[in-house]
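Dropping target_14.txt in here (compact mmCIF, C-alpha atoms and all ligand atoms):
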```txt
# COMPACT_ATOMS: atom_id res chain seq x y z
CA MET A 1 170.35 34.01 62.19
CA SER A 2 173.72 34.45 63.73
CA ARG A 3 176.90 33.09 62.27
CA ASN A 4 180.26 32.90 63.93
CA PRO A 5 183.08 33.63 61.57
CA GLY A 6 186.28 32.35 63.02
CA GLN A 7 184.73 29.81 65.27
CA THR A 8 186.72 26.64 65.42
CA SER A 9 187.54 23.94 67.87
CA GLN A 10 190.46 21.57 68.16
CA SER A 11 188.60 19.06 70.27
CA PRO A 12 184.97 19.25 69.34
CA ASP A 13 182.50 18.01 71.90
CA ALA A 14 179.49 16.08 70.69
CA ALA A 15 177.20 19.12 70.49
CA HIS A 16 179.70 21.18 68.54
CA GLU A 17 180.39 18.29 66.21
CA ALA A 18 176.71 17.93 65.44
CA GLU A 19 176.46 21.48 64.19
CA ALA A 20 179.81 21.69 62.41
CA VAL A 21 179.93 21.80 58.60
CA LEU A 22 183.15 19.83 58.79
CA SER A 23 184.89 17.97 61.53
CA PHE A 24 188.09 15.95 61.75
CA ALA A 25 188.67 13.70 64.77
CA GLY A 26 192.10 12.06 65.10
CA VAL A 27 192.63 12.00 61.32
CA SER A 28 195.85 10.68 59.80
CA MET A 29 196.65 10.13 56.14
CA ARG A 30 199.49 8.54 54.20
CA TYR A 31 200.35 8.05 50.55
CA GLY A 32 200.98 4.35 49.96
CA ARG A 33 203.60 3.05 52.37
CA ALA A 34 205.19 6.44 53.00
CA PRO A 35 205.23 7.87 56.55
CA GLU A 36 202.04 9.70 57.51
CA THR A 37 201.59 12.99 55.65
CA LEU A 38 198.91 14.17 58.09
CA ARG A 39 199.05 13.13 61.72
CA ASP A 40 196.29 13.01 64.30
CA ILE A 41 194.38 16.06 63.13
CA SER A 42 191.29 17.22 65.00
CA PHE A 43 189.39 20.41 64.27
CA SER A 44 185.96 21.54 63.19
CA LEU A 45 184.54 24.36 61.12
CA ALA A 46 181.35 26.07 62.23
CA PRO A 47 178.78 26.97 59.57
CA GLY A 48 179.62 30.32 58.01
CA SER A 49 183.18 30.39 59.37
CA PHE A 50 186.21 31.58 57.39
CA HIS A 51 189.69 30.15 57.95
CA PHE A 52 193.05 30.14 56.30
CA LEU A 53 195.11 26.97 56.20
CA THR A 54 198.76 27.94 56.39
CA GLY A 55 202.11 26.24 56.75
CA PRO A 56 205.32 25.62 54.85
CA SER A 57 205.50 23.89 51.47
CA GLY A 58 205.01 20.16 51.96
CA ALA A 59 203.25 20.57 55.32
CA GLY A 60 200.14 18.79 54.01
CA LYS A 61 197.72 21.61 53.09
CA SER A 62 196.69 20.21 49.70
CA SER A 63 196.48 16.72 51.19
CA LEU A 64 194.11 17.92 53.90
CA LEU A 65 191.91 19.62 51.31
CA LYS A 66 191.87 16.37 49.26
CA LEU A 67 190.38 14.55 52.23
CA ILE A 68 187.59 17.13 52.40
CA TYR A 69 186.70 17.05 48.72
CA LEU A 70 186.75 13.29 48.81
CA ALA A 71 189.75 12.72 46.55
CA ALA A 72 191.60 10.83 49.27
CA ARG A 73 190.70 8.78 52.33
CA PRO A 74 192.21 8.95 55.79
CA SER A 75 194.24 6.03 57.11
CA ARG A 76 192.87 6.66 60.59
CA GLY A 77 190.27 8.85 62.27
CA LEU A 78 186.85 10.23 61.44
CA ILE A 79 185.83 12.93 59.01
CA SER A 80 182.31 14.24 59.00
CA LEU A 81 180.99 16.60 56.34
CA PHE A 82 177.57 18.22 56.66
CA GLY A 83 176.93 15.86 59.56
CA GLN A 84 177.69 12.73 57.52
CA ASP A 85 180.47 10.31 58.39
CA LEU A 86 182.47 10.02 55.16
CA ALA A 87 183.69 6.49 55.94
CA VAL A 88 180.19 5.04 55.72
CA LEU A 89 178.78 7.30 53.03
CA PRO A 90 177.00 5.29 50.32
CA ARG A 91 178.75 5.73 46.95
CA GLN A 92 175.63 7.04 45.25
CA GLN A 93 175.58 10.01 47.63
CA LEU A 94 179.06 11.18 46.63
CA PRO A 95 178.02 13.29 43.59
CA HIS A 96 175.39 15.09 45.66
CA LEU A 97 177.91 15.85 48.40
CA ARG A 98 180.55 16.99 45.90
CA ARG A 99 178.11 19.48 44.37
CA ARG A 100 177.92 21.25 47.72
CA ILE A 101 181.70 21.83 47.70
CA GLY A 102 183.42 24.46 45.54
CA VAL A 103 187.11 23.77 44.96
CA VAL A 104 189.85 25.98 43.55
CA PHE A 105 192.59 23.45 42.74
CA GLN A 106 196.23 24.45 43.12
CA GLU A 107 196.75 23.34 39.49
CA PHE A 108 193.39 24.81 38.29
CA ARG A 109 192.01 21.70 36.47
CA LEU A 110 190.14 23.62 33.78
CA LEU A 111 188.53 21.71 30.92
CA ASP A 112 190.65 22.47 27.86
CA HIS A 113 187.90 21.99 25.29
CA LEU A 114 185.52 24.48 26.93
CA SER A 115 185.66 28.27 26.69
CA ALA A 116 186.24 30.43 29.75
CA PHE A 117 182.50 31.09 29.96
CA ASP A 118 181.62 27.39 29.68
CA ASN A 119 184.24 26.40 32.26
CA ALA A 120 182.86 28.94 34.73
CA ALA A 121 179.25 27.93 34.03
CA LEU A 122 179.92 24.19 34.31
CA PRO A 123 178.66 23.67 37.89
CA LEU A 124 175.38 25.37 36.97
CA ARG A 125 175.02 23.32 33.80
CA ILE A 126 175.69 20.13 35.75
CA ALA A 127 173.05 21.20 38.25
CA GLY A 128 170.59 21.27 35.33
CA LYS A 129 170.01 25.03 35.20
CA PRO A 130 168.93 26.46 31.82
CA ALA A 131 171.63 28.69 30.26
CA LYS A 132 169.40 31.73 30.08
CA THR A 133 168.98 31.77 33.88
CA TYR A 134 172.71 32.16 34.54
CA LYS A 135 174.22 33.75 31.42
CA ASP A 136 174.35 37.28 32.84
CA ASP A 137 175.50 36.18 36.30
CA VAL A 138 178.40 34.18 34.89
CA ALA A 139 179.45 37.06 32.63
CA GLU A 140 179.27 39.45 35.61
CA LEU A 141 181.34 37.14 37.79
CA LEU A 142 183.96 36.74 35.06
CA ALA A 143 184.09 40.52 34.68
CA TRP A 144 184.61 40.83 38.45
CA VAL A 145 187.70 38.61 38.25
CA GLY A 146 188.99 40.62 35.29
CA LEU A 147 188.03 38.20 32.52
CA GLY A 148 185.18 40.23 31.02
CA SER A 149 186.90 40.44 27.66
CA ARG A 150 187.98 36.77 27.62
CA LEU A 151 184.61 35.01 27.85
CA HIS A 152 185.18 33.05 24.64
CA ALA A 153 188.89 32.39 25.17
CA MET A 154 190.02 28.77 25.46
CA PRO A 155 192.06 27.88 28.58
CA ALA A 156 195.23 27.20 26.56
CA THR A 157 195.30 30.86 25.51
CA LEU A 158 195.00 32.22 29.07
CA SER A 159 197.91 33.29 31.28
CA GLY A 160 198.56 31.50 34.58
CA GLY A 161 196.84 34.26 36.55
CA GLU A 162 193.88 34.28 34.16
CA LYS A 163 193.48 30.51 34.51
CA GLN A 164 193.57 30.89 38.26
CA ARG A 165 190.86 33.56 38.20
CA LEU A 166 188.74 31.36 35.95
CA ALA A 167 189.16 28.45 38.36
CA ILE A 168 188.00 30.74 41.17
CA ALA A 169 184.93 31.85 39.20
CA ARG A 170 183.99 28.21 38.57
CA ALA A 171 184.39 27.34 42.26
CA VAL A 172 182.14 30.15 43.53
CA VAL A 173 179.54 30.35 40.75
CA GLY A 174 177.19 27.80 42.32
CA ARG A 175 177.37 29.43 45.78
CA PRO A 176 178.61 26.21 47.38
CA ASP A 177 177.99 25.41 51.04
CA ILE A 178 181.72 25.07 51.54
CA LEU A 179 184.50 26.65 49.49
CA LEU A 180 187.99 25.13 49.49
CA ALA A 181 190.69 27.10 47.73
CA ASP A 182 194.27 25.89 47.36
CA GLU A 183 196.70 28.82 46.97
CA PRO A 184 194.07 30.80 45.04
CA THR A 185 196.20 33.94 44.78
CA GLY A 186 199.52 32.27 43.98
CA ASN A 187 199.56 33.55 40.39
CA VAL A 188 198.03 37.02 40.65
CA ASP A 189 199.29 40.44 41.70
CA GLN A 190 198.49 42.00 45.06
CA GLU A 191 195.64 44.14 43.76
CA MET A 192 193.92 41.13 42.21
CA ALA A 193 194.61 39.07 45.34
CA LEU A 194 192.68 41.62 47.40
CA ARG A 195 189.85 41.59 44.87
CA ILE A 196 189.68 37.80 45.13
CA LEU A 197 189.72 38.04 48.91
CA ARG A 198 186.72 40.39 48.70
CA LEU A 199 184.90 37.86 46.54
CA PHE A 200 185.53 35.13 49.11
CA LEU A 201 184.46 37.39 51.98
CA GLU A 202 181.25 38.26 50.13
CA LEU A 203 180.49 34.59 49.49
CA ASN A 204 181.16 33.95 53.18
CA ARG A 205 178.84 36.79 54.14
CA GLN A 206 176.13 35.00 52.20
CA GLY A 207 176.67 31.86 54.27
CA THR A 208 179.40 29.80 52.59
CA THR A 209 181.95 28.23 54.94
CA VAL A 210 185.40 29.05 53.58
CA LEU A 211 188.78 27.32 53.97
CA ILE A 212 191.73 28.74 52.01
CA ALA A 213 195.21 27.24 51.86
CA SER A 214 197.62 30.13 51.42
CA HIS A 215 201.25 31.16 51.65
CA ASP A 216 200.27 34.79 51.31
CA HIS A 217 200.93 36.17 54.81
CA ASP A 218 199.91 39.65 53.80
CA LEU A 219 196.53 38.46 52.55
CA VAL A 220 195.95 36.42 55.71
CA ALA A 221 196.83 39.40 57.89
CA ARG A 222 194.66 41.81 55.90
CA SER A 223 191.64 39.50 56.04
CA GLY A 224 191.70 39.42 59.84
CA MET A 225 190.46 35.82 59.60
CA PRO A 226 191.89 33.03 61.78
CA GLU A 227 194.56 30.57 60.75
CA LEU A 228 194.76 26.82 61.06
CA ARG A 229 198.46 26.09 60.79
CA LEU A 230 199.99 22.85 59.53
CA GLU A 231 203.58 21.92 60.23
CA GLN A 232 204.96 18.55 59.16
CA GLY A 233 201.49 17.10 59.05
CA ARG A 234 200.36 18.32 62.44
CA MET A 235 197.83 21.06 63.04
CA PHE A 236 198.17 24.02 65.32
CA ALA A 237 194.94 25.96 65.74
CA PRO A 238 195.01 29.52 67.06
CA GLU A 239 194.56 29.94 70.78
CA ALA A 240 190.88 30.31 71.65
CA ALA A 241 189.99 34.02 71.62
N1 LIG B 301 200.24 12.06 45.26
C1 LIG B 301 201.20 11.99 46.17
N2 LIG B 301 201.91 10.84 46.35
C2 LIG B 301 202.87 10.75 47.29
N3 LIG B 301 203.21 11.75 48.13
C3 LIG B 301 202.55 12.91 47.99
C4 LIG B 301 201.52 13.09 47.01
N4 LIG B 301 201.04 14.35 47.13
C5 LIG B 301 201.74 14.92 48.11
N5 LIG B 301 202.64 14.07 48.64
C6 LIG B 301 203.56 14.36 49.76
O1 LIG B 301 202.80 14.74 50.89
C7 LIG B 301 203.41 15.82 51.59
C8 LIG B 301 202.43 16.97 51.70
O2 LIG B 301 202.15 17.46 50.39
P1 LIG B 301 201.05 18.57 50.13
O3 LIG B 301 200.94 18.71 48.65
O4 LIG B 301 199.82 18.22 50.87
O5 LIG B 301 201.75 19.83 50.81
P2 LIG B 301 201.34 21.38 50.75
O6 LIG B 301 201.32 21.88 52.16
O7 LIG B 301 200.09 21.53 49.95
O8 LIG B 301 202.58 22.02 49.99
P3 LIG B 301 202.63 23.31 48.98
O9 LIG B 301 202.58 24.51 49.86
O10 LIG B 301 203.97 23.14 48.31
O11 LIG B 301 201.48 23.21 48.03
C9 LIG B 301 204.68 16.15 50.82
O12 LIG B 301 205.76 15.52 51.45
C10 LIG B 301 204.43 15.56 49.46
O13 LIG B 301 205.65 15.16 48.87
MG MG B 302 199.68 22.45 48.17
```
Mind converting the file's structure to structure tokens?
Amino acid sequence: MSRNPGQTSQSPDAAHEAEAVLSFAGVSMRYGRAPETLRDISFSLAPGSFHFLTGPSGAGKSSLLKLIYLAARPSRGLISLFGQDLAVLPRQQLPHLRRRIGVVFQEFRLLDHLSAFDNAALPLRIAGKPAKTYKDDVAELLAWVGLGSRLHAMPATLSGGEKQRLAIARAVVGRPDILLADEPTGNVDQEMALRILRLFLELNRQGTTVLIASHDHDLVARSGMPELRLEQGRMFAPEAA
């Protein structure tokens, strides 16, 4: 089966749209009565693609991710995820759709009353998997992100970078169909940032479609992956290769 990392389209035709994991067509979004935060955005992500979402602070990166993980709704336009139009999605299908999306939130959103291990294992527990089937995998993943000795630590006792790495482990542990990460290397050093990039690339190699909001120009350049650029709520996709 062939995948096409990097494939994107700013004006998807019907055939492309049908096969895209995600597509935006003329999407705008506003908070309350404020001017539009996102304006007339159209793009699509092919299955197995890997993109960075870049742009200055306040450009709308987190807002765009919110639309994808269903925490906000567009004021105009169409969003389709896994071939389903989100505007007409029955409410009872939302949990199922959300389970297919791994999210690294910019502000982590760990559960304070759960240990590092239990935070990371949460998506698997929610999916109904017995603990013995994932115990070793979760421990291995936490070791990979440098938290091997902090499995039983509570989030309040972790540093900012440790919390971020835990949030990353939780987002990837269930091998989601799409991974959204919002500034996932904002709190770690360069060596750890490259390690995290390798984790994302490996997940992508296994089929996950990846979209990462990042300010880290060095990381974007090193990855060799294409950029979708937001500026003042408008999107500029790279020129077609
Ligand atoms: N909950 C909110 N209510 C009202 N306005 C908001 C809200 N969240 C974001 N905004 C506004 O929307 C715009 C885009 O914000 P957003 O957080 O999407 O930017 P960003 O590109 O993620 O920035 P950063 O790089 O700083 O994380 C900003 O002007 C911001 O003030
Ligand atoms: Mg943001």
*asked:* Could you list, as number ranges by chain, all residues that come within 6 Å of ligand LIG 301 (chain B)? Count only C-alpha atoms and all ligand atoms.
replied: A: 31, 37, 56-63
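By chain and then residue number, the residues within 8 Å of segment 64-77 of chain A are Phe24, Ala25, Gly26, Val27, Ser28, Met29, Arg30, Leu38, Asp40, Arg98, Ile101, Val103, Leu180 and Asp182 of chain A, counting all atoms listed in the file and disregarding those fewer than 6 positions away in sequence.
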*Nearest to Gln206 of chain A among A:Val172, A:Leu147, A:Ala131, A:Leu142, with distances taken over all atoms listed in the file: which residue is it?*
A:Val172
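Atom CA of Arg39 of chain A is positioned 10.0 Å from atom CA of Glu231 of chain A.
In terms of minimum interatomic distance to ligand MG 302 (chain B), A:Gln106 ranks closest within A:Ser149, A:Ser49, A:Asn204, A:Gln106, counting only C-alpha atoms and all ligand atoms.
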_Neighbouring residues of Thr157 of chain A were defined as those with any atom within 12 Å, considering only C-alpha atoms; residues of the same chain fewer than 6 positions away were excluded. Please report them as a ChimeraX atom specification._
/A:112-116,150-151,163
*Could you pull the residues within 12 Å of Tyr134 of chain A, counting only C-alpha atoms, minus those fewer than 6 positions along the same chain, as number ranges by chain?*
A: 117-118, 120-125, 127-128, 140-141, 173-174
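From atom CA of Leu78 of chain A back to atom CA of Phe108 of chain A, the distance works out to 28.1 Å.
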*What does the distance between atom CA of Ile178 of chain A and atom CA of Ser80 of chain A come to in Å, to one decimal place?*
13.2 Å
_Nearby residues, (191.2, 44.6, 54.1) file frame, 12 Å, all atoms listed in the file, as a PyMOL selection string_ = chain A and resi 190-191+193-199+201+218-225
